[in-house]
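Quick look at start_33.cif (mmCIF, C-alpha atoms):
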```cif
data_coords
loop_
_atom_site.group_PDB
_atom_site.id
_atom_site.type_symbol
_atom_site.label_atom_id
_atom_site.label_comp_id
_atom_site.auth_asym_id
_atom_site.auth_seq_id
_atom_site.Cartn_x
_atom_site.Cartn_y
_atom_site.Cartn_z
ATOM 1 C CA MET A 169 10.487 -23.034 2.466
ATOM 2 C CA ILE A 170 11.224 -19.684 0.840
ATOM 3 C CA ASN A 171 11.422 -16.467 2.856
ATOM 4 C CA ALA A 172 10.480 -13.260 1.032
ATOM 5 C CA VAL A 173 10.374 -9.601 2.074
ATOM 6 C CA SER A 174 8.182 -6.925 0.532
ATOM 7 C CA CYS A 175 7.398 -3.309 1.363
ATOM 8 C CA GLY A 176 4.347 -1.223 0.638
ATOM 9 C CA GLY A 177 2.389 1.860 1.422
ATOM 10 C CA VAL A 178 -0.926 3.050 2.702
ATOM 11 C CA VAL A 179 -1.164 6.190 0.565
ATOM 12 C CA ILE A 180 -3.597 8.828 1.811
ATOM 13 C CA TYR A 181 -4.514 12.015 0.001
ATOM 14 C CA ARG A 182 -7.106 14.364 1.494
ATOM 15 C CA GLY A 183 -8.443 11.578 3.685
ATOM 16 C CA LYS A 184 -8.819 8.972 0.948
ATOM 17 C CA ILE A 185 -6.824 5.760 0.558
ATOM 18 C CA LEU A 186 -5.224 4.490 -2.648
ATOM 19 C CA LEU A 187 -6.157 0.923 -3.666
ATOM 20 C CA LEU A 188 -5.433 -1.309 -6.658
ATOM 21 C CA TYR A 189 -7.656 -3.922 -8.259
ATOM 22 C CA LYS A 190 -5.817 -7.002 -9.517
ATOM 23 C CA ASN A 191 -7.254 -9.495 -11.971
ATOM 24 C CA TYR A 192 -4.804 -12.266 -12.796
ATOM 25 C CA LYS A 193 -6.073 -14.423 -15.667
ATOM 26 C CA ARG A 194 -9.514 -14.569 -14.070
ATOM 27 C CA ARG A 195 -8.061 -16.719 -11.265
ATOM 28 C CA TYR A 196 -7.352 -13.890 -8.847
ATOM 29 C CA ASP A 197 -9.574 -10.905 -8.223
ATOM 30 C CA GLY A 198 -9.343 -8.389 -5.473
ATOM 31 C CA TRP A 199 -8.488 -4.952 -4.145
ATOM 32 C CA VAL A 200 -5.063 -4.607 -2.518
ATOM 33 C CA LEU A 201 -2.628 -2.041 -1.180
ATOM 34 C CA PRO A 202 0.468 -1.353 -3.302
ATOM 35 C CA LYS A 203 3.500 -3.421 -2.303
ATOM 36 C CA GLY A 204 6.393 -5.346 -3.814
ATOM 37 C CA THR A 205 9.617 -7.246 -3.334
ATOM 38 C CA VAL A 206 12.782 -5.679 -1.971
ATOM 39 C CA GLU A 207 15.521 -5.637 -4.622
ATOM 40 C CA ASP A 208 19.201 -6.282 -3.870
ATOM 41 C CA GLY A 209 20.841 -3.341 -2.127
ATOM 42 C CA GLU A 210 17.549 -1.513 -1.639
ATOM 43 C CA GLU A 211 16.389 -0.016 1.660
ATOM 44 C CA HIS A 212 12.846 -0.819 2.771
ATOM 45 C CA THR A 213 11.770 2.799 2.380
ATOM 46 C CA GLU A 214 13.130 2.855 -1.176
ATOM 47 C CA THR A 215 11.213 -0.322 -2.013
ATOM 48 C CA ALA A 216 7.967 1.033 -0.614
ATOM 49 C CA LEU A 217 8.226 4.296 -2.570
ATOM 50 C CA ARG A 218 9.331 2.532 -5.773
ATOM 51 C CA GLU A 219 6.524 -0.029 -5.617
ATOM 52 C CA VAL A 220 3.852 2.611 -4.988
ATOM 53 C CA LYS A 221 5.132 4.588 -7.976
ATOM 54 C CA GLU A 222 5.454 1.543 -10.265
ATOM 55 C CA GLU A 223 2.130 -0.059 -9.405
ATOM 56 C CA THR A 224 -0.022 3.064 -9.156
ATOM 57 C CA GLY A 225 1.821 5.902 -10.879
ATOM 58 C CA ALA A 226 1.159 7.976 -7.753
ATOM 59 C CA ASP A 227 3.688 10.327 -6.200
ATOM 60 C CA ALA A 228 3.889 10.082 -2.423
ATOM 61 C CA HIS A 229 6.289 10.515 0.451
ATOM 62 C CA ILE A 230 6.702 8.480 3.608
ATOM 63 C CA VAL A 231 5.289 9.890 6.798
ATOM 64 C CA LYS A 232 6.149 6.990 9.112
ATOM 65 C CA TYR A 233 6.577 3.251 9.488
ATOM 66 C CA ILE A 234 3.324 1.491 10.401
ATOM 67 C CA GLY A 235 4.312 -2.116 11.004
ATOM 68 C CA GLU A 236 4.506 -5.477 9.324
ATOM 69 C CA SER A 237 2.241 -8.267 8.241
ATOM 70 C CA GLU A 238 3.075 -11.879 7.517
ATOM 71 C CA TYR A 239 1.424 -14.539 5.429
ATOM 72 C CA SER A 240 2.293 -17.691 3.544
ATOM 73 C CA PHE A 241 1.275 -19.183 0.227
ATOM 74 C CA LYS A 242 2.252 -22.079 -1.978
ATOM 75 C CA VAL A 243 4.120 -21.738 -5.278
ATOM 76 C CA TYR A 244 4.403 -25.063 -7.069
ATOM 77 C CA HIS A 245 5.806 -27.371 -4.370
ATOM 78 C CA ASN A 246 7.304 -24.652 -2.157
ATOM 79 C CA MET A 247 5.798 -22.714 0.712
ATOM 80 C CA VAL A 248 6.615 -19.012 0.688
ATOM 81 C CA GLU A 249 6.696 -17.156 3.999
ATOM 82 C CA LYS A 250 6.276 -13.467 3.209
ATOM 83 C CA LYS A 251 6.879 -10.507 5.510
ATOM 84 C CA VAL A 252 5.612 -7.098 4.368
ATOM 85 C CA HIS A 253 6.818 -3.825 5.910
ATOM 86 C CA TRP A 254 4.194 -1.068 5.645
ATOM 87 C CA TYR A 255 4.553 2.722 5.589
ATOM 88 C CA LEU A 256 2.005 5.479 5.987
ATOM 89 C CA MET A 257 2.422 7.768 2.986
ATOM 90 C CA MET A 258 1.015 11.117 1.963
ATOM 91 C CA GLY A 259 -0.061 11.264 -1.653
ATOM 92 C CA GLU A 260 0.547 14.403 -3.700
ATOM 93 C CA SER A 261 -2.661 14.203 -5.751
ATOM 94 C CA TYR A 262 -5.569 11.924 -6.652
ATOM 95 C CA TYR A 263 -3.709 10.728 -9.747
ATOM 96 C CA SER A 264 -3.254 6.989 -10.196
ATOM 97 C CA LYS A 265 -2.741 4.655 -13.119
ATOM 98 C CA PRO A 266 -2.686 0.899 -12.504
ATOM 99 C CA GLN A 267 0.329 -1.055 -13.759
ATOM 100 C CA LYS A 268 -1.125 -3.364 -16.420
ATOM 101 C CA GLU A 269 2.039 -5.533 -16.567
ATOM 102 C CA GLU A 270 1.308 -6.655 -12.995
ATOM 103 C CA TYR A 271 -2.352 -7.397 -13.830
ATOM 104 C CA PHE A 272 -3.704 -4.306 -12.077
ATOM 105 C CA VAL A 273 -6.798 -3.234 -13.988
ATOM 106 C CA ASP A 274 -8.116 -0.420 -11.783
ATOM 107 C CA SER A 275 -6.968 1.956 -9.071
ATOM 108 C CA GLY A 276 -8.410 4.814 -7.108
ATOM 109 C CA PHE A 277 -8.744 6.694 -3.846
ATOM 110 C CA TYR A 278 -11.517 5.629 -1.478
ATOM 111 C CA LYS A 279 -12.967 6.765 1.832
ATOM 112 C CA PHE A 280 -11.791 4.667 4.774
ATOM 113 C CA HIS A 281 -14.973 2.603 5.187
ATOM 114 C CA GLU A 282 -15.087 1.895 1.442
ATOM 115 C CA ALA A 283 -11.419 0.911 1.302
ATOM 116 C CA PHE A 284 -11.758 -1.312 4.373
ATOM 117 C CA HIS A 285 -14.641 -3.256 2.837
ATOM 118 C CA LEU A 286 -13.024 -3.450 -0.610
ATOM 119 C CA LEU A 287 -9.708 -4.905 0.586
ATOM 120 C CA ARG A 288 -9.510 -8.628 0.020
ATOM 121 C CA PHE A 289 -7.058 -9.678 2.728
ATOM 122 C CA SER A 290 -7.594 -9.360 6.484
ATOM 123 C CA ASN A 291 -3.928 -8.546 7.149
ATOM 124 C CA GLU A 292 -4.172 -5.555 4.791
ATOM 125 C CA LYS A 293 -7.410 -4.447 6.494
ATOM 126 C CA GLN A 294 -5.562 -4.483 9.827
ATOM 127 C CA ILE A 295 -2.661 -2.431 8.420
ATOM 128 C CA LEU A 296 -5.170 -0.005 6.879
ATOM 129 C CA GLU A 297 -6.845 0.471 10.275
ATOM 130 C CA GLU A 298 -3.517 1.142 11.981
ATOM 131 C CA ALA A 299 -2.392 3.569 9.270
ATOM 132 C CA TYR A 300 -5.699 5.436 9.189
ATOM 133 C CA HIS A 301 -5.767 5.843 12.978
ATOM 134 C CA GLU A 302 -2.259 7.285 12.811
ATOM 135 C CA TYR A 303 -3.314 9.597 9.955
ATOM 136 C CA GLN A 304 -6.242 10.849 12.080
ATOM 137 C CA ARG A 305 -3.970 11.372 15.091
ATOM 138 C CA LEU A 306 -1.496 13.375 12.988
ATOM 139 C CA ARG A 307 -4.302 15.495 11.508
ATOM 140 C CA ARG A 308 -5.736 16.292 14.937
ATOM 141 C CA ALA A 309 -2.256 17.318 16.102
ATOM 142 C CA GLY A 310 -1.809 19.547 13.022
ATOM 143 C CA GLU A 311 1.123 17.400 11.850
ATOM 144 C CA TRP A 312 -0.359 16.079 8.583
ATOM 145 C CA VAL A 313 1.091 18.780 6.346
ATOM 146 C CA GLY A 314 1.806 18.449 2.637
ATOM 147 C CA GLN A 315 5.053 19.483 1.032
ATOM 148 C CA ASP A 316 3.240 22.636 -0.093
ATOM 149 C CA GLY A 317 2.528 23.541 3.552
ATOM 150 C CA TYR A 318 -1.203 22.828 3.243
ATOM 151 C CA HIS A 319 -2.939 20.823 5.992
ATOM 152 C CA TYR A 320 -4.702 18.032 4.108
#
```
Any chance you could put this one into structure tokens?
Amino acid sequence: MINAVSCGGVVIYRGKILLLYKNYKRRYDGWVLPKGTVEDGEEHTETALREVKEETGADAHIVKYIGESEYSFKVYHNMVEKKVHWYLMMGESYYSKPQKEEYFVDSGFYKFHEAFHLLRFSNEKQILEEAYHEYQRLRRAGEWVGQDGYHY
């Protein structure tokens, strides 16, 4: 068994959530949240920010830690147990550009109900729900403020 750790972000800009569409050699299709593997010597927050930037081209900053998800999958004859640490992030614009090298063919910002139904994996839907509820709570409290001082 192989243990792996990844980090990712639920990026929200003006109430919309950033998603990626992956199409891997016509064997894998689906909308996902940006995430990736922790590199040697890297903090989880650094990984999350780096992966969001690499996979989507989007600039964002971390607002808070949301939680983790776990899943397993098979690679050749090995089982991989993966733990993903998730962060709520505030995007700086609607800009995104999918990373073609990782088989991402589309990206964009979607309303919550659209994003929820587009996401392929139930564990990412659960993280999205938790992150969006926290986003709403922060907005109601007047604490969702961009780096420019604007309340998004």
Which residues match the PyMOL selection byres ((chain A and resi 240) around 10) in the file above, as number ranges by chain?
A: 169-172, 238-239, 241-243, 247-251
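For the pair CA of Phe284 (chain A) and CA of Leu256 (chain A), the separation is 15.4 Å.
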Between region 256-275 of chain A and region 199-221 of chain A, at 10 Å or less, what are the per-residue closest atom pairs and their distances in Å? Count only C-alpha atoms, order by chain and rising residue number, and return it as a Markdown table.
```
| residue | atom | partner | partner_atom | distance |
| --- | --- | --- | --- | --- |
| A:Leu256 | CA | A:Ala216 | CA | 9.9 |
| A:Met257 | CA | A:Leu217 | CA | 8.8 |
| A:Ser264 | CA | A:Lys221 | CA | 9.0 |
| A:Lys265 | CA | A:Lys221 | CA | 9.4 |
| A:Pro266 | CA | A:Lys221 | CA | 9.8 |
| A:Gln267 | CA | A:Lys221 | CA | 9.4 |
| A:Phe272 | CA | A:Trp199 | CA | 9.3 |
| A:Asp274 | CA | A:Trp199 | CA | 8.9 |
| A:Ser275 | CA | A:Trp199 | CA | 8.6 |
```
Once you have the residues from the selection above, write them out as a CSV table (one decimal), in the coordinates of the input, restricted to C-alpha atoms.
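Wrote it out as again16.csv, contents follow:
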```csv
chain,number,residue,atom,x,y,z
A,256,LEU,CA,2.0,5.5,6.0
A,257,MET,CA,2.4,7.8,3.0
A,264,SER,CA,-3.3,7.0,-10.2
A,265,LYS,CA,-2.7,4.7,-13.1
A,266,PRO,CA,-2.7,0.9,-12.5
A,267,GLN,CA,0.3,-1.1,-13.8
A,272,PHE,CA,-3.7,-4.3,-12.1
A,274,ASP,CA,-8.1,-0.4,-11.8
A,275,SER,CA,-7.0,2.0,-9.1
```
Specify as a list in words each residue included when the PyMOL selection byres ((chain A and resi 297) around 12) is applied to this file.
Val178, Ile185, Ile234, Gly235, Leu256, Phe280, His281, Ala283, Phe284, His285, Leu287, Ser290, Asn291, Glu292, Lys293, Gln294, Ile295, Leu296, Glu298, Ala299, Tyr300, His301, Glu302, Tyr303 and Gln304 of chain A
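Of the residues under consideration (A:Tyr192, A:Trp254, A:Tyr233, A:Trp312), A:Trp254 shows the shortest atom-to-atom contact distance to Val173 (chain A) when counting all atoms listed in the file.
Separating CA of Ala228 (chain A) from CA of Val252 (chain A) is a distance of 18.6 Å.
In terms of minimum interatomic distance to Asp227 (chain A), A:Tyr263 ranks closest within A:Tyr189, A:Tyr278, A:Phe289, A:Tyr263, counting all atoms listed in the file.
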I'd like to see the residues matched by the PyMOL selection byres ((chain A and resi 307) around 12) on this file, and ideally I'd get them as a PDB file with C-alpha atoms, in the coordinates of the input.
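Final output, saved to expr10.pdb:
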```pdb
ATOM      1  CA  ILE A 180      -3.597   8.828   1.811  1.00  0.00           C
ATOM      2  CA  ARG A 182      -7.106  14.364   1.494  1.00  0.00           C
ATOM      3  CA  GLY A 183      -8.443  11.578   3.685  1.00  0.00           C
ATOM      4  CA  MET A 258       1.015  11.117   1.963  1.00  0.00           C
ATOM      5  CA  TYR A 300      -5.699   5.436   9.189  1.00  0.00           C
ATOM      6  CA  HIS A 301      -5.767   5.843  12.978  1.00  0.00           C
ATOM      7  CA  GLU A 302      -2.259   7.285  12.811  1.00  0.00           C
ATOM      8  CA  TYR A 303      -3.314   9.597   9.955  1.00  0.00           C
ATOM      9  CA  GLN A 304      -6.242  10.849  12.080  1.00  0.00           C
ATOM     10  CA  ARG A 305      -3.970  11.372  15.091  1.00  0.00           C
ATOM     11  CA  LEU A 306      -1.496  13.375  12.988  1.00  0.00           C
ATOM     12  CA  ARG A 308      -5.736  16.292  14.937  1.00  0.00           C
ATOM     13  CA  ALA A 309      -2.256  17.318  16.102  1.00  0.00           C
ATOM     14  CA  GLY A 310      -1.809  19.547  13.022  1.00  0.00           C
ATOM     15  CA  GLU A 311       1.123  17.400  11.850  1.00  0.00           C
ATOM     16  CA  TRP A 312      -0.359  16.079   8.583  1.00  0.00           C
ATOM     17  CA  VAL A 313       1.091  18.780   6.346  1.00  0.00           C
ATOM     18  CA  GLY A 314       1.806  18.449   2.637  1.00  0.00           C
ATOM     19  CA  TYR A 318      -1.203  22.828   3.243  1.00  0.00           C
ATOM     20  CA  HIS A 319      -2.939  20.823   5.992  1.00  0.00           C
ATOM     21  CA  TYR A 320      -4.702  18.032   4.108  1.00  0.00           C
TER      22      TYR A 320
END
```
Length of the CA of Asp197 (chain A) to CA of Gly259 (chain A) vector [Å]:
25.0 Å
Place N, CA and C atoms on region 259-273 of chain A and deliver the coordinates as a short mmCIF file (atom, residue, chain, number, x, y, z; two decimals), in the coordinates of the input.
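Okay, part-v4.cif is ready:
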```cif
data_model
loop_
_atom_site.label_atom_id
_atom_site.label_comp_id
_atom_site.auth_asym_id
_atom_site.auth_seq_id
_atom_site.Cartn_x
_atom_site.Cartn_y
_atom_site.Cartn_z
N GLY A 259 -0.02 11.09 -0.21
CA GLY A 259 -0.06 11.26 -1.65
C GLY A 259 0.01 12.73 -2.01
N GLU A 260 0.43 13.02 -3.25
CA GLU A 260 0.55 14.40 -3.70
C GLU A 260 -0.63 14.85 -4.55
N SER A 261 -1.47 13.89 -4.96
CA SER A 261 -2.66 14.20 -5.75
C SER A 261 -3.55 12.96 -5.78
N TYR A 262 -4.69 13.08 -6.47
CA TYR A 262 -5.57 11.92 -6.65
C TYR A 262 -5.18 11.09 -7.88
N TYR A 263 -4.10 11.44 -8.54
CA TYR A 263 -3.71 10.73 -9.75
C TYR A 263 -3.29 9.30 -9.43
N SER A 264 -3.76 8.36 -10.24
CA SER A 264 -3.25 6.99 -10.20
C SER A 264 -3.51 6.33 -11.54
N LYS A 265 -2.62 5.42 -11.88
CA LYS A 265 -2.74 4.66 -13.12
C LYS A 265 -2.22 3.25 -12.83
N PRO A 266 -3.10 2.26 -12.87
CA PRO A 266 -2.69 0.90 -12.50
C PRO A 266 -1.67 0.32 -13.49
N GLN A 267 -0.72 -0.43 -12.96
CA GLN A 267 0.33 -1.06 -13.76
C GLN A 267 -0.22 -2.33 -14.41
N LYS A 268 -0.51 -2.25 -15.68
CA LYS A 268 -1.12 -3.36 -16.42
C LYS A 268 -0.22 -4.59 -16.44
N GLU A 269 1.10 -4.40 -16.51
CA GLU A 269 2.04 -5.53 -16.57
C GLU A 269 1.94 -6.43 -15.34
N GLU A 270 1.47 -5.88 -14.24
CA GLU A 270 1.31 -6.66 -13.00
C GLU A 270 -0.15 -7.07 -12.78
N TYR A 271 -0.94 -6.98 -13.83
CA TYR A 271 -2.35 -7.40 -13.83
C TYR A 271 -3.25 -6.51 -12.98
N PHE A 272 -2.83 -5.27 -12.75
CA PHE A 272 -3.70 -4.31 -12.08
C PHE A 272 -4.57 -3.66 -13.16
N VAL A 273 -5.87 -3.74 -12.96
CA VAL A 273 -6.80 -3.23 -13.99
C VAL A 273 -7.55 -1.98 -13.55
#
```
